Structure formats: C-alpha cells, structure tokens
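Chemist: mmCIF, C-alpha atoms and all ligand atoms, file coords.cif:
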data_final
loop_
_atom_site.label_atom_id
_atom_site.label_comp_id
_atom_site.auth_asym_id
_atom_site.auth_seq_id
_atom_site.Cartn_x
_atom_site.Cartn_y
_atom_site.Cartn_z
CA MET A 1 0.00 0.00 0.00
CA GLU A 2 1.28 3.37 -0.92
CA GLN A 3 0.02 6.43 0.92
CA ARG A 4 0.49 9.96 -0.19
CA GLU A 5 -0.42 12.91 1.92
CA PRO A 6 -0.49 16.10 -0.11
CA ALA A 7 -1.46 19.25 1.75
CA ASP A 8 -5.22 19.03 1.38
CA HIS A 9 -6.12 15.39 0.88
CA PHE A 10 -5.04 11.78 1.31
CA GLU A 11 -4.47 9.34 -1.48
CA VAL A 12 -4.27 5.62 -1.01
CA VAL A 13 -3.22 3.41 -3.88
CA VAL A 14 -5.10 0.11 -3.97
CA MET A 15 -5.48 -2.82 -6.27
CA TYR A 16 -7.69 -5.88 -6.43
CA ARG A 17 -5.98 -8.93 -5.10
CA GLN A 18 -7.21 -11.75 -7.33
CA ASP A 19 -4.77 -12.57 -10.11
CA GLU A 20 -7.05 -14.70 -12.23
CA VAL A 21 -10.05 -13.35 -14.07
CA ILE A 22 -12.52 -14.85 -16.49
CA CYS A 23 -12.55 -13.68 -20.10
CA PRO A 24 -16.00 -12.17 -20.77
CA ARG A 25 -15.86 -13.29 -24.39
CA CYS A 26 -14.84 -16.97 -24.20
CA GLY A 27 -14.89 -17.87 -20.51
CA GLN A 28 -11.20 -18.80 -20.35
CA ILE A 29 -9.45 -18.07 -17.05
CA THR A 30 -6.40 -15.89 -17.47
CA ASN A 31 -3.72 -14.14 -15.42
CA LYS A 32 -2.06 -12.32 -18.32
CA GLU A 33 -2.04 -8.70 -17.29
CA HIS A 34 -2.07 -6.27 -20.18
CA ASP A 35 -1.73 -2.90 -18.41
CA ARG A 36 -2.98 -0.92 -15.41
CA ARG A 37 -4.48 2.51 -15.24
CA PRO A 38 -5.16 4.62 -12.16
CA GLN A 39 -8.74 5.60 -11.36
CA ARG A 40 -9.52 8.11 -8.67
CA LYS A 41 -12.45 7.33 -6.34
CA LYS A 42 -13.67 9.58 -3.59
CA ASP A 43 -13.91 7.97 -0.17
CA ARG A 44 -14.89 9.08 3.32
CA MET A 45 -13.17 12.10 4.83
CA LEU A 46 -10.45 11.42 7.36
CA ARG A 47 -9.42 14.06 9.91
CA ASN A 48 -11.21 16.70 7.86
CA LYS A 49 -9.25 15.89 4.75
CA GLU A 50 -10.67 14.39 1.61
CA VAL A 51 -9.61 10.83 0.90
CA PHE A 52 -9.18 9.37 -2.55
CA LEU A 53 -8.52 5.78 -3.39
CA ILE A 54 -6.34 5.45 -6.44
CA LEU A 55 -7.54 2.16 -7.82
CA MET A 56 -4.96 0.63 -10.14
CA LYS A 57 -7.37 -0.96 -12.52
CA ARG A 58 -5.90 -3.77 -14.55
CA ARG A 59 -6.66 -4.91 -18.04
CA PHE A 60 -6.06 -8.51 -18.98
CA ARG A 61 -5.45 -10.18 -22.32
CA CYS A 62 -7.11 -13.51 -22.93
CA PRO A 63 -4.54 -16.00 -24.27
CA SER A 64 -7.14 -18.05 -26.04
CA CYS A 65 -9.25 -15.47 -27.92
CA GLY A 66 -7.03 -12.39 -27.67
CA LYS A 67 -9.63 -10.11 -26.09
CA VAL A 68 -8.32 -7.30 -23.89
CA PHE A 69 -10.70 -6.51 -21.07
CA THR A 70 -10.89 -4.53 -17.83
CA GLU A 71 -11.23 -6.35 -14.53
CA PRO A 72 -14.58 -5.95 -12.77
CA ASP A 73 -14.87 -3.34 -10.02
CA VAL A 74 -17.20 -4.82 -7.44
CA VAL A 75 -16.34 -2.29 -4.77
CA CYS A 76 -17.04 0.95 -6.57
CA GLY A 77 -19.33 -0.24 -9.30
CA TRP A 78 -19.24 0.43 -13.00
CA ARG A 79 -18.11 3.97 -13.83
CA ARG A 80 -18.64 5.36 -10.34
CA ARG A 81 -16.32 8.05 -9.08
CA SER A 82 -16.76 7.19 -5.45
CA THR A 83 -16.48 4.02 -3.41
CA GLN A 84 -19.55 2.02 -2.55
CA ARG A 85 -18.88 2.36 1.18
CA PHE A 86 -18.69 6.13 0.82
CA ARG A 87 -22.03 6.21 -0.98
CA GLU A 88 -23.60 3.99 1.66
CA TYR A 89 -22.22 6.24 4.34
CA LEU A 90 -23.72 9.31 2.65
CA GLY A 91 -27.04 7.55 2.37
CA GLU A 92 -27.04 6.66 6.05
CA GLU A 93 -26.02 10.12 7.17
CA ALA A 94 -28.68 11.79 5.09
CA LEU A 95 -31.40 9.67 6.69
CA HIS A 96 -31.04 11.64 9.89
CA GLN A 97 -29.50 14.93 8.80
CA THR A 98 -30.38 17.25 6.00
CA VAL A 99 -28.97 16.29 2.65
CA ARG A 100 -27.43 19.74 2.31
CA ARG A 101 -25.50 19.37 5.56
CA VAL A 102 -24.11 15.99 4.64
CA ALA A 103 -23.22 17.26 1.19
CA GLN A 104 -21.35 20.24 2.61
CA LYS A 105 -19.56 18.23 5.26
CA GLU A 106 -18.38 15.56 2.85
CA GLY A 107 -17.70 17.84 -0.08
CA VAL A 108 -20.08 16.26 -2.57
CA GLY A 109 -22.81 17.67 -4.75
CA GLU A 110 -26.26 17.54 -3.20
CA SER A 111 -27.84 15.77 -6.12
CA GLY A 112 -25.27 12.99 -5.89
CA ASP A 113 -26.04 12.67 -2.22
CA ARG A 114 -29.78 12.51 -2.80
CA ARG A 115 -29.23 9.65 -5.20
CA CYS A 116 -27.24 7.87 -2.49
CA VAL A 117 -30.11 8.17 -0.04
CA ALA A 118 -32.52 6.61 -2.47
CA GLU A 119 -30.05 3.85 -3.29
CA GLU A 120 -29.32 3.17 0.33
CA VAL A 121 -32.95 2.97 1.41
CA GLY A 122 -33.79 0.82 -1.59
CA ARG A 123 -30.81 -1.47 -1.13
CA ARG A 124 -31.54 -2.15 2.52
CA LEU A 125 -35.21 -2.73 2.01
CA GLU A 126 -34.51 -5.02 -0.92
CA VAL A 127 -33.46 -7.72 1.49
CA ARG A 128 -36.72 -7.57 3.39
CA LYS A 129 -38.97 -6.88 0.44
CA ARG A 130 -42.25 -8.75 0.70
CA VAL A 131 -43.53 -10.36 -2.45
CA ASP A 132 -47.07 -11.22 -1.38
CA THR A 133 -50.09 -9.09 -2.18
CA PRO A 134 -51.80 -7.57 0.86
CA GLU A 135 -55.53 -6.89 0.96
CA PHE A 136 -55.14 -3.46 2.52
CA ILE A 137 -52.42 -1.14 1.42
CA GLY A 138 -51.40 2.26 2.69
CA VAL A 139 -49.44 4.64 0.49
CA ASP A 140 -47.79 7.69 1.93
CA GLU A 141 -45.09 10.10 0.93
CA PHE A 142 -42.35 11.25 3.23
CA SER A 143 -39.44 13.60 2.79
CA VAL A 144 -35.91 12.94 3.83
CA ARG A 145 -35.44 16.64 4.17
CA LYS A 146 -38.55 18.55 5.19
CA ASN A 147 -40.72 19.29 2.14
CA TYR A 148 -37.99 18.31 -0.24
CA PHE A 149 -36.89 15.11 -1.99
CA TYR A 150 -39.83 12.80 -1.41
CA HIS A 151 -40.07 9.04 -1.28
CA THR A 152 -43.20 6.94 -1.26
CA ALA A 153 -43.70 4.26 1.35
CA ILE A 154 -46.01 1.36 0.64
CA CYS A 155 -47.36 -0.38 3.69
CA ASN A 156 -49.27 -3.55 4.47
CA LEU A 157 -51.86 -2.04 6.80
CA ARG A 158 -52.87 -5.31 8.42
CA GLU A 159 -49.28 -6.14 9.41
CA GLY A 160 -48.22 -2.55 9.93
CA GLU A 161 -45.13 -3.25 7.84
CA ILE A 162 -43.49 -1.22 5.13
CA MET A 163 -43.24 -3.43 2.06
CA GLU A 164 -41.37 -1.09 -0.21
CA VAL A 165 -40.05 2.42 -0.52
CA ILE A 166 -40.04 3.91 -3.98
CA GLU A 167 -38.17 6.97 -5.11
CA GLY A 168 -40.17 10.11 -5.67
CA ARG A 169 -43.94 10.40 -5.34
CA GLY A 170 -45.01 10.19 -8.93
CA GLN A 171 -47.67 8.17 -10.64
CA LYS A 172 -45.32 6.10 -12.78
CA ARG A 173 -43.33 4.48 -9.99
CA LEU A 174 -46.48 3.52 -8.13
CA GLU A 175 -47.92 2.02 -11.30
CA GLU A 176 -44.75 -0.01 -11.73
CA TYR A 177 -45.14 -1.25 -8.18
CA GLY A 178 -48.77 -2.27 -8.77
CA ASP A 179 -47.77 -4.08 -11.94
CA LYS A 180 -45.27 -6.17 -10.02
CA LEU A 181 -47.76 -7.45 -7.42
CA PRO A 182 -48.22 -11.20 -7.87
CA SER A 183 -52.03 -11.12 -7.37
CA PRO A 184 -53.24 -7.55 -7.84
CA GLU A 185 -56.88 -8.66 -7.79
CA ARG A 186 -56.50 -9.50 -4.08
CA VAL A 187 -56.12 -5.84 -3.11
CA LYS A 188 -59.38 -4.69 -1.55
CA ALA A 189 -58.58 -1.15 -0.51
CA ILE A 190 -55.81 1.39 -0.62
CA VAL A 191 -55.49 4.23 1.80
CA ILE A 192 -53.88 7.35 0.41
CA ASP A 193 -53.71 11.02 1.19
CA MET A 194 -55.00 13.62 -1.25
CA HIS A 195 -51.99 13.31 -3.59
CA GLU A 196 -53.59 13.07 -7.05
CA PRO A 197 -50.88 11.02 -8.85
CA PHE A 198 -51.45 8.17 -6.36
CA ARG A 199 -55.13 8.10 -7.20
CA GLN A 200 -54.35 8.06 -10.92
CA ALA A 201 -51.89 5.21 -10.49
CA ILE A 202 -54.39 3.09 -8.57
CA TRP A 203 -57.06 3.66 -11.17
CA MET A 204 -54.65 2.46 -13.81
CA VAL A 205 -53.25 -0.68 -12.24
CA LEU A 206 -55.59 -1.73 -9.41
CA PRO A 207 -58.99 -0.64 -10.71
CA GLN A 208 -60.96 -2.97 -8.42
CA ALA A 209 -59.44 -1.61 -5.23
CA LYS A 210 -61.39 0.92 -3.16
CA ILE A 211 -59.56 4.18 -2.65
CA VAL A 212 -59.85 5.48 0.87
CA VAL A 213 -58.68 8.98 1.60
CA ASP A 214 -57.88 9.22 5.25
CA LYS A 215 -54.94 11.32 6.13
CA PHE A 216 -55.34 11.26 9.87
CA HIS A 217 -56.36 7.80 10.95
CA PHE A 218 -54.92 5.07 8.77
CA LEU A 219 -51.86 6.90 7.66
CA LYS A 220 -50.74 7.02 11.26
CA GLN A 221 -50.08 3.32 10.87
CA VAL A 222 -47.96 3.99 7.82
CA GLN A 223 -46.01 6.59 9.74
CA ALA A 224 -45.50 4.21 12.66
CA ALA A 225 -44.23 1.51 10.33
CA LEU A 226 -42.02 4.03 8.62
CA ASP A 227 -40.53 5.06 11.94
CA LYS A 228 -39.64 1.42 12.56
CA VAL A 229 -37.81 1.28 9.25
CA ARG A 230 -36.10 4.57 9.92
CA SER A 231 -34.75 3.49 13.26
CA ARG A 232 -33.64 0.19 11.77
CA LEU A 233 -31.78 2.05 9.03
CA GLN A 234 -30.29 4.48 11.51
CA LYS A 235 -28.84 1.69 13.62
CA GLY A 236 -26.73 0.85 10.61
CA GLU A 237 -24.99 -2.31 9.61
CA GLY A 238 -21.27 -2.93 9.36
CA ASN A 239 -19.81 -2.33 5.96
CA SER A 240 -17.48 -4.98 4.76
CA PHE A 241 -14.78 -3.76 2.46
CA PRO A 242 -13.16 -6.39 0.30
CA PHE A 243 -10.19 -4.33 -0.88
CA ILE A 244 -6.81 -5.67 -0.03
CA ARG A 245 -4.36 -2.84 0.25
CA ASN A 246 -0.93 -3.72 -0.92
ZN ZN B 301 -11.18 -15.14 -24.33
#
Starting from the coordinates I provided, produce the structure as structure tokens.
Ligand SMILES: [Zn+2]

Modeler:
Amino acid sequence: MEQREPADHFEVVVMYRQDEVICPRCGQITNKEHDRRPQRKKDRMLRNKEVFLILMKRRFRCPSCGKVFTEPDVVCGWRRRSTQRFREYLGEEALHQTVRRVAQKEGVGESGDRRCVAEEVGRRLEVRKRVDTPEFIGVDEFSVRKNYFYHTAICNLREGEIMEVIEGRGQKRLEEYGDKLPSPERVKAIVIDMHEPFRQAIWMVLPQAKIVVDKFHFLKQVQAALDKVRSRLQKGEGNSFPFIRN
C-alpha cells in the first residue's frame, strides 16, 4: 500500500488482489495482465481531509481469444467516481441529517447525495422486500429533508409493515409497483392522502381496489411503520470492504 499525503487530501493506492479473471468473451481463465491505469475514487473524509482511493485498474489479455478486457470493479461499481462504502455512508447520514449538511460536510454535490439516499434505502429494504399481495395497502409520501426530496412508502396495513419504498412520489413508480404485485386482484382497498398522482396510479393498475382517503387515521399506521424502518436504518450495519491494500 502506498500512501500519499499532499497538503489538502489523502491518497491511497489500492489494487484488487485476485490474479485470475474470467474472459467475458470466451470464458477462459487468465492471469495475463495487459496494463494498469489509475482511477480516482472519492472515499470518506479522514481528519477533515478528503480521501481518494487510487484504484490501479488492470486490463487482462485472454490468451485463447485475444480479447483485452478490464477487470470488474465490485467495490465501486461500474463507472462510479466514489467508493460504494462512501455512498452507503452518505445515504445513512442523510437519513437523519439534512442532505445539504451531509453534502457540505463531505464535499459532494447535493444531487449525488440525494441519489445515495434513495439507493441506500432501496438497497436495505430489498433484502426484506415482501412479495405477497396484501388486501389493505397504505401509500404515503415522506421527505428525507422537510418538504424536499420525497419518497413513497407502501405499507401492508394489516401487518403494519413497510413493504417497499419507492423513489419520488409520482404516478409512474407507483404504477410499476402495482404491476409487479403477484395477485393484484387481491387488493381490496388502498389508503392514500390527497396526492392526485397516487389516485391516478391506482385507477390504472388496481382498478378494483377501493380508494380510501384518510390522512389522519390510517396513515398514522404507515407513519409508525415508517418510523420502525427509519430506526432500523439508523442503527446501521457494518460495511465490509473487500479491498486488499498492498
Ligand atoms: Zn477469451
């Protein structure tokens, strides 16, 4: 591992450890390195200085078909300029602070940070996503920052459980959700607030379901379930980091 410490930021040079990769064209395993190129990825701040990982990304040449290809980057993801763990961290932070504050503190653009929040919430809920179709559904919007950057929570009202959080509060995303339900005809009623795009979406994809507008009574259950999810997300989970620094 090579560490540089210029005046205003840290740089750490890293490389993936595995020396054999699979040719994406023919499936042959190869260790014939062709070249390496540095890629700069933003990581979490350390002692108030920005940290960059300089990933020495290798290209390999397949001995059997001749293809030259870049090794996969499972840590940062395809064409991302920051590390996955940094994006997860931003997402977590922004769940209980304003996005603007997190963005300022970590020196990233706010829109990038907002995307991280959505990704983080989605990623964590993915694991617990329920695939059954409830009879009674609650749909409610909530903002990560007050009155700004909304998500839509979909709740099984009988169980008091959030089933999914979708980005934004538009009609299209809710329609997509309804389309994915395994037995949409089972839905008897959906409780929403006055948000018109929700009503439109339900008419489109769950036409048999009764629409109940009840901001104050039923949606309390959605909020309670949402609070459960929030506190679960805020507790956080350890981030594993498969880089080997050499
Ligand atoms: Zn090949």

Chemist: When the cut-off is 7 Å and you count all atoms listed in the file, which residues lie near ligand ZN 301 (chain B), shown as a PyMOL selection string?

Modeler: chain A and resi 23-28+62-67

Chemist: Identify which of the residues A:Glu175, A:Asp140, A:Glu106, A:Glu11 lies closest to A:Leu53, counting all atoms listed in the file when measuring atom-to-atom distances.

Modeler: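 Using all atoms listed in the file, A:Leu53 sits closest to A:Glu11.
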
Chemist: If you measure from atom CA of A:Lys180 to atom CA of A:Glu92, what distance in Å do you get, rounded to one decimal?

Modeler: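 Computed distance, atom CA of A:Lys180 to atom CA of A:Glu92, equals 27.5 Å.
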
Chemist: Env of A:Arg81: 10 Å cut, atoms = all atoms listed in the file, seq-sep filter 3 positions within chain, self excluded. Answer as number ranges by chain.

Modeler: A: 39-43, 52-53, 76-78, 84

Chemist: For A:Pro197, which residue among A:Lys172, A:Arg85, A:Lys210, A:Arg115 is the nearest when counting all atoms listed in the file?

Modeler: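 Result for the nearest residue to A:Pro197: A:Lys172.
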